[in-house]
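Engineer: This one is run-v8.pdb, PDB, C-alpha atoms.
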```
ATOM      1  CA  MET A   1      88.319   6.839  59.581
ATOM      2  CA  ARG A   2      86.908   6.234  63.006
ATOM      3  CA  ASN A   3      90.409   6.056  64.445
ATOM      4  CA  ARG A   4      91.296   9.399  62.884
ATOM      5  CA  VAL A   5      88.201  11.081  64.324
ATOM      6  CA  GLU A   6      88.871   9.667  67.753
ATOM      7  CA  THR A   7      92.478  10.776  67.540
ATOM      8  CA  ARG A   8      91.416  14.261  66.509
ATOM      9  CA  ASN A   9      88.878  14.457  69.315
ATOM     10  CA  HIS A  10      91.431  13.173  71.757
ATOM     11  CA  ARG A  11      93.829  15.881  70.656
ATOM     12  CA  GLY A  12      91.018  18.410  70.806
ATOM     13  CA  HIS A  13      90.289  17.516  74.422
ATOM     14  CA  GLY A  14      93.998  17.758  75.186
ATOM     15  CA  GLY A  15      94.008  21.239  73.676
ATOM     16  CA  ASN A  16      90.965  22.159  75.713
ATOM     17  CA  THR A  17      92.625  20.861  78.879
ATOM     18  CA  LYS A  18      95.731  22.839  78.091
ATOM     19  CA  ARG A  19      93.668  25.981  77.446
ATOM     20  CA  ALA A  20      91.723  25.401  80.665
ATOM     21  CA  ARG A  21      94.977  25.089  82.617
ATOM     22  CA  ILE A  22      96.321  28.296  81.082
ATOM     23  CA  PHE A  23      93.018  30.033  81.823
ATOM     24  CA  LEU A  24      93.156  28.873  85.458
ATOM     25  CA  LEU A  25      96.774  30.005  85.732
ATOM     26  CA  VAL A  26      95.893  33.450  84.350
ATOM     27  CA  LEU A  27      92.885  33.624  86.662
ATOM     28  CA  CYS A  28      95.078  32.760  89.673
ATOM     29  CA  CYS A  29      97.589  35.444  88.683
ATOM     30  CA  ILE A  30      94.861  38.060  88.315
ATOM     31  CA  SER A  31      93.363  36.982  91.629
ATOM     32  CA  SER A  32      96.785  37.321  93.299
ATOM     33  CA  VAL A  33      97.245  40.798  91.867
ATOM     34  CA  PHE A  34      93.835  41.901  93.125
ATOM     35  CA  SER A  35      94.448  40.445  96.572
ATOM     36  CA  VAL A  36      97.745  42.346  96.774
ATOM     37  CA  VAL A  37      96.021  45.524  95.627
ATOM     38  CA  HIS A  38      93.270  45.074  98.206
ATOM     39  CA  ALA A  39      95.615  43.926 100.982
ATOM     40  CA  GLU A  40      95.279  45.703 104.288
ATOM     41  CA  VAL A  41      97.984  48.260 104.984
ATOM     42  CA  ILE A  42      99.543  47.332 108.305
ATOM     43  CA  ASP A  43     101.808  50.342 108.693
ATOM     44  CA  ARG A  44     102.657  53.459 106.764
ATOM     45  CA  VAL A  45     105.989  55.210 106.286
ATOM     46  CA  ILE A  46     105.511  58.826 107.335
ATOM     47  CA  ALA A  47     109.108  60.040 107.176
ATOM     48  CA  VAL A  48     112.628  59.004 106.269
ATOM     49  CA  VAL A  49     115.421  60.653 108.250
ATOM     50  CA  SER A  50     118.873  60.122 106.735
ATOM     51  CA  GLY A  51     117.787  56.712 105.498
ATOM     52  CA  GLN A  52     116.049  55.756 108.747
ATOM     53  CA  ILE A  53     112.358  54.978 108.294
ATOM     54  CA  ILE A  54     109.758  56.362 110.692
ATOM     55  CA  THR A  55     106.374  54.669 110.511
ATOM     56  CA  LYS A  56     102.969  55.706 111.765
ATOM     57  CA  SER A  57     103.208  53.066 114.492
ATOM     58  CA  ASP A  58     106.591  54.510 115.585
ATOM     59  CA  LEU A  59     104.957  57.902 116.002
ATOM     60  CA  ASP A  60     101.923  56.438 117.786
ATOM     61  CA  ALA A  61     104.165  54.551 120.245
ATOM     62  CA  ALA A  62     106.403  57.578 120.874
ATOM     63  CA  ALA A  63     103.368  59.781 121.501
ATOM     64  CA  ALA A  64     101.575  57.244 123.715
ATOM     65  CA  PHE A  65     104.580  56.882 126.007
ATOM     66  CA  GLY A  66     105.717  60.505 125.975
ATOM     67  CA  PHE A  67     108.931  60.128 123.971
ATOM     68  CA  ALA A  68     107.756  62.564 121.272
ATOM     69  CA  GLY A  69     104.533  64.518 120.975
ATOM     70  CA  ASN A  70     104.398  64.849 117.201
ATOM     71  CA  LEU A  71     106.268  63.917 114.030
ATOM     72  CA  GLN A  72     108.647  66.892 114.180
ATOM     73  CA  GLU A  73     109.670  65.985 117.727
ATOM     74  CA  LEU A  74     110.213  62.359 116.685
ATOM     75  CA  ILE A  75     112.349  63.493 113.739
ATOM     76  CA  ASP A  76     114.386  65.720 116.082
ATOM     77  CA  ARG A  77     114.756  62.854 118.557
ATOM     78  CA  THR A  78     115.954  60.583 115.741
ATOM     79  CA  LEU A  79     118.500  63.160 114.570
ATOM     80  CA  MET A  80     119.817  63.723 118.098
ATOM     81  CA  LEU A  81     120.053  60.015 118.877
ATOM     82  CA  ASN A  82     121.953  59.436 115.624
ATOM     83  CA  GLU A  83     124.497  62.024 116.804
ATOM     84  CA  VAL A  84     124.646  60.480 120.275
ATOM     85  CA  ARG A  85     125.363  57.053 118.777
ATOM     86  CA  LYS A  86     128.320  58.471 116.843
ATOM     87  CA  VAL A  87     130.187  59.011 120.107
ATOM     88  CA  ALA A  88     129.240  55.487 121.277
ATOM     89  CA  PRO A  89     128.310  56.370 124.848
ATOM     90  CA  PRO A  90     128.375  53.600 127.437
ATOM     91  CA  ASP A  91     125.132  51.846 128.232
ATOM     92  CA  PRO A  92     123.176  53.782 130.832
ATOM     93  CA  ALA A  93     123.024  52.406 134.347
ATOM     94  CA  PRO A  94     120.117  49.959 134.728
ATOM     95  CA  ALA A  95     118.837  51.986 137.695
ATOM     96  CA  ASN A  96     118.578  55.077 135.459
ATOM     97  CA  VAL A  97     116.706  53.130 132.782
ATOM     98  CA  GLU A  98     114.355  51.699 135.425
ATOM     99  CA  ALA A  99     113.727  55.203 136.783
ATOM    100  CA  ARG A 100     112.886  56.420 133.283
ATOM    101  CA  LEU A 101     110.586  53.432 132.723
ATOM    102  CA  ALA A 102     108.842  54.190 136.012
ATOM    103  CA  ALA A 103     108.294  57.788 134.867
ATOM    104  CA  VAL A 104     106.895  56.551 131.543
ATOM    105  CA  ARG A 105     104.538  54.118 133.261
ATOM    106  CA  SER A 106     103.380  56.829 135.667
ATOM    107  CA  ARG A 107     101.716  58.578 132.726
ATOM    108  CA  PHE A 108      99.031  55.881 132.887
ATOM    109  CA  ALA A 109      96.393  55.392 135.577
ATOM    110  CA  THR A 110      96.907  51.638 135.990
ATOM    111  CA  PRO A 111      99.271  48.837 134.941
ATOM    112  CA  ALA A 112      96.411  47.543 132.777
ATOM    113  CA  ALA A 113      96.380  50.879 130.923
ATOM    114  CA  VAL A 114     100.127  50.531 130.317
ATOM    115  CA  ALA A 115      99.621  46.993 128.991
ATOM    116  CA  ARG A 116      96.771  48.165 126.751
ATOM    117  CA  ALA A 117      98.888  51.017 125.332
ATOM    118  CA  MET A 118     101.756  48.612 124.711
ATOM    119  CA  ALA A 119      99.447  46.185 122.893
ATOM    120  CA  GLU A 120      97.921  48.981 120.790
ATOM    121  CA  SER A 121     101.325  50.359 119.804
ATOM    122  CA  GLY A 122     102.931  46.969 119.248
ATOM    123  CA  LEU A 123     105.618  47.495 121.877
ATOM    124  CA  ASP A 124     106.842  44.871 124.277
ATOM    125  CA  GLU A 125     108.828  45.396 127.484
ATOM    126  CA  SER A 126     112.191  45.213 125.723
ATOM    127  CA  ALA A 127     111.191  47.796 123.092
ATOM    128  CA  LEU A 128     109.911  50.111 125.812
ATOM    129  CA  ALA A 129     113.211  49.655 127.671
ATOM    130  CA  VAL A 130     115.126  50.620 124.499
ATOM    131  CA  PHE A 131     113.093  53.848 124.237
ATOM    132  CA  ALA A 132     113.797  54.595 127.910
ATOM    133  CA  ALA A 133     117.516  53.824 127.587
ATOM    134  CA  ASP A 134     117.715  56.140 124.561
ATOM    135  CA  ASP A 135     116.080  58.888 126.631
ATOM    136  CA  VAL A 136     118.679  58.416 129.378
ATOM    137  CA  ARG A 137     121.543  58.433 126.824
ATOM    138  CA  LEU A 138     120.199  61.573 125.181
ATOM    139  CA  ALA A 139     119.744  63.406 128.490
ATOM    140  CA  ALA A 140     123.305  62.547 129.543
ATOM    141  CA  TYR A 141     124.671  63.716 126.187
ATOM    142  CA  LEU A 142     122.785  67.014 126.318
ATOM    143  CA  GLU A 143     123.935  67.604 129.890
ATOM    144  CA  GLU A 144     127.566  66.951 129.013
ATOM    145  CA  ARG A 145     127.537  68.944 125.794
ATOM    146  CA  PHE A 146     125.514  71.994 126.803
ATOM    147  CA  SER A 147     125.606  72.494 130.574
ATOM    148  CA  ALA A 148     128.995  74.249 130.696
ATOM    149  CA  ALA A 149     128.127  76.471 127.744
ATOM    150  CA  SER A 150     124.821  77.500 129.310
ATOM    151  CA  GLN A 151     126.337  78.905 132.513
ATOM    152  CA  PRO A 152     125.524  82.609 132.947
ATOM    153  CA  THR A 153     128.437  85.026 133.049
ATOM    154  CA  ASP A 154     129.341  86.996 136.171
ATOM    155  CA  ALA A 155     128.031  90.138 134.488
ATOM    156  CA  GLU A 156     124.664  88.470 133.824
ATOM    157  CA  LEU A 157     124.472  87.300 137.422
ATOM    158  CA  ARG A 158     125.235  90.823 138.694
ATOM    159  CA  GLU A 159     122.507  92.160 136.421
ATOM    160  CA  THR A 160     119.838  89.603 137.287
ATOM    161  CA  GLY A 161     120.951  88.235 140.640
ATOM    162  CA  GLU A 162     121.795  84.725 141.804
ATOM    163  CA  PRO A 163     118.169  83.523 142.059
ATOM    164  CA  GLU A 164     117.837  83.949 138.285
ATOM    165  CA  ARG A 165     120.754  81.582 137.569
ATOM    166  CA  ALA A 166     118.532  78.536 136.941
ATOM    167  CA  ARG A 167     116.226  80.441 134.603
ATOM    168  CA  LEU A 168     119.155  81.918 132.662
ATOM    169  CA  MET A 169     120.803  78.504 132.368
ATOM    170  CA  ALA A 170     117.581  76.867 131.160
ATOM    171  CA  GLU A 171     116.993  79.582 128.546
ATOM    172  CA  ARG A 172     120.564  79.481 127.282
ATOM    173  CA  ARG A 173     120.609  75.687 127.168
ATOM    174  CA  ARG A 174     117.292  75.606 125.279
ATOM    175  CA  ALA A 175     118.685  78.099 122.747
ATOM    176  CA  LEU A 176     121.893  76.073 122.301
ATOM    177  CA  VAL A 177     120.010  72.800 121.868
ATOM    178  CA  ASN A 178     117.596  74.398 119.382
ATOM    179  CA  ALA A 179     120.503  75.769 117.341
ATOM    180  CA  TRP A 180     122.155  72.339 117.382
ATOM    181  CA  ILE A 181     118.936  70.628 116.234
ATOM    182  CA  ALA A 182     118.526  73.193 113.449
ATOM    183  CA  GLU A 183     122.049  72.375 112.281
ATOM    184  CA  LEU A 184     121.289  68.634 112.400
ATOM    185  CA  ARG A 185     118.188  69.237 110.257
ATOM    186  CA  ARG A 186     120.210  71.239 107.728
ATOM    187  CA  ARG A 187     122.771  68.434 107.389
ATOM    188  CA  ALA A 188     120.231  65.597 107.234
ATOM    189  CA  GLU A 189     118.130  64.378 104.382
ATOM    190  CA  ILE A 190     114.557  64.400 105.695
ATOM    191  CA  VAL A 191     111.603  63.294 103.591
ATOM    192  CA  VAL A 192     108.117  63.553 105.086
ATOM    193  CA  SER A 193     105.279  61.766 103.308
ATOM    194  CA  PRO A 194     102.252  63.812 102.408
TER
END
```
Please render this file's structure as structure tokens.

Structural biologist:
Amino acid sequence: MRNRVETRNHRGHGGNTKRARIFLLVLCCISSVFSVVHAEVIDRVIAVVSGQIITKSDLDAAAAFGFAGNLQELIDRTLMLNEVRKVAPPDPAPANVEARLAAVRSRFATPAAVARAMAESGLDESALAVFAADDVRLAAYLEERFSAASQPTDAELRETGEPERARLMAERRRALVNAWIAELRRRAEIVVSP
């Protein structure tokens, strides 16, 4: 009889151990779920442009370095660069990229301020160079595509005079680029998070 009781108790302890293990496993799972729920959000998706994700940090970096002032400008920049990449332009000359980088850095009072802005936005030198190279590519594309079409006619020049040529060209080019961007927006799937 004693052997039976000991055997039963032994089994009982084994059952308790098994239940304790299951309880610990369930507790660990619940703990994992809560830690995921309470995890810190590192970045937030604020828009998707034709499948391309734009995060809050993308917008912050673009704004800090003057590549786009707000989300709509960053969306437009993304749409235009996607079109530019379709024609596979050659890489811009390193001197042009360096000139653009110098202009970007000149927005800041000191090199330390540039370094601080880069650290805050999560950019390194190579990422900043990619932004600058994209700016150079985009400027070259816009010049090639719209400069001839923005030339004033002889009649317009007679009406306004030669000194107004630059103003007329700038206005016409701005109108052509705006119409092109509007068309890109119509063709693209753009989702902006609330």

Engineer: Hey, which of A:Ala139, A:Ala63, A:Ala109, A:Ala117 ends up closest to Val97 of chain A? Count all atoms listed in the file.

Structural biologist: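 Counting all atoms listed in the file, the residue closest to Val97 of chain A is A:Ala139.
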
Engineer: So that I can see what lies close to Ala99 of chain A, please list as a PDB file with C-alpha atoms, in the frame of the given file the residues with an atom at most 12 Å from it, counting all atoms listed in the file and leaving out residues fewer than 4 positions away in the same chain.

Structural biologist:
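For reference, around-v5.pdb as written:
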```
ATOM      1  CA  PRO A  92     123.176  53.782 130.832  1.00  0.00           C
ATOM      2  CA  ALA A  93     123.024  52.406 134.347  1.00  0.00           C
ATOM      3  CA  PRO A  94     120.117  49.959 134.728  1.00  0.00           C
ATOM      4  CA  ALA A  95     118.837  51.986 137.695  1.00  0.00           C
ATOM      5  CA  ALA A 103     108.294  57.788 134.867  1.00  0.00           C
ATOM      6  CA  VAL A 104     106.895  56.551 131.543  1.00  0.00           C
ATOM      7  CA  ARG A 105     104.538  54.118 133.261  1.00  0.00           C
ATOM      8  CA  SER A 106     103.380  56.829 135.667  1.00  0.00           C
ATOM      9  CA  ALA A 129     113.211  49.655 127.671  1.00  0.00           C
ATOM     10  CA  ALA A 132     113.797  54.595 127.910  1.00  0.00           C
ATOM     11  CA  ALA A 133     117.516  53.824 127.587  1.00  0.00           C
ATOM     12  CA  ASP A 135     116.080  58.888 126.631  1.00  0.00           C
ATOM     13  CA  VAL A 136     118.679  58.416 129.378  1.00  0.00           C
TER      14      VAL A 136
END
```

Engineer: Please provide as a ChimeraX atom specification all residues within 6 Å of segment 149-156 of chain A, with the sequence filter that same-chain residues fewer than 4 positions apart are discarded (counting only C-alpha atoms).

Structural biologist: /A:169,172-173

Engineer: Hey, what comes out of the PyMOL selection byres ((chain A and resi 61) around 12) on this file? Could you write it as a VMD selection string?

Structural biologist: chain A and resid 54 to 60 62 to 71 74 104 114 116 to 124 127 to 128 131

Engineer: To verify the selection step, state as a list in words which residues the PyMOL selection byres ((chain A and resi 83) around 12) yields on this input.

Structural biologist: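 For this structure, the PyMOL selection byres ((chain A and resi 83) around 12) captures Ser50, Asp76, Arg77, Thr78, Leu79, Met80, Leu81, Asn82, Val84, Arg85, Lys86, Val87, Ala88, Pro89, Asp134, Arg137, Leu138, Tyr141, Leu142, Arg145, Trp180, Ile181, Glu183, Leu184, Arg185, Arg187 and Ala188 of chain A.
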
Engineer: If you measure from atom CA of Ala113 of chain A to atom CA of Val130 of chain A, what distance in Å do you get, rounded to one decimal?

Structural biologist: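 For atom CA of Ala113 of chain A relative to atom CA of Val130 of chain A, the distance reads 19.8 Å.
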
Engineer: For segment 178-187 of chain A, take all atoms listed in the file, fit an axis-aligned box around them, add 3 Å to each of the six sides, then output centre and edge lengths in Å rounded to one decimal, as JSON.

Structural biologist:
```
{"center_x": 120.2, "center_y": 72.1, "center_z": 113.4, "size_x": 11.2, "size_y": 13.3, "size_z": 18.0}
```

Engineer: Point out the residue among A:Ile42, A:Ala47, A:Glu98, A:Arg158 with the least atom-to-atom distance to Ile75 of chain A, counting all atoms listed in the file.

Structural biologist: A:Ala47

Engineer: Interatomic distance between atom CA of Ile190 of chain A and atom CA of Gln52 of chain A?

Structural biologist: 9.3 Å

Engineer: Work out how far apart atom CA of Val177 of chain A and atom CA of Phe146 of chain A are and give it in Å to one decimal.

Structural biologist: 7.4 Å
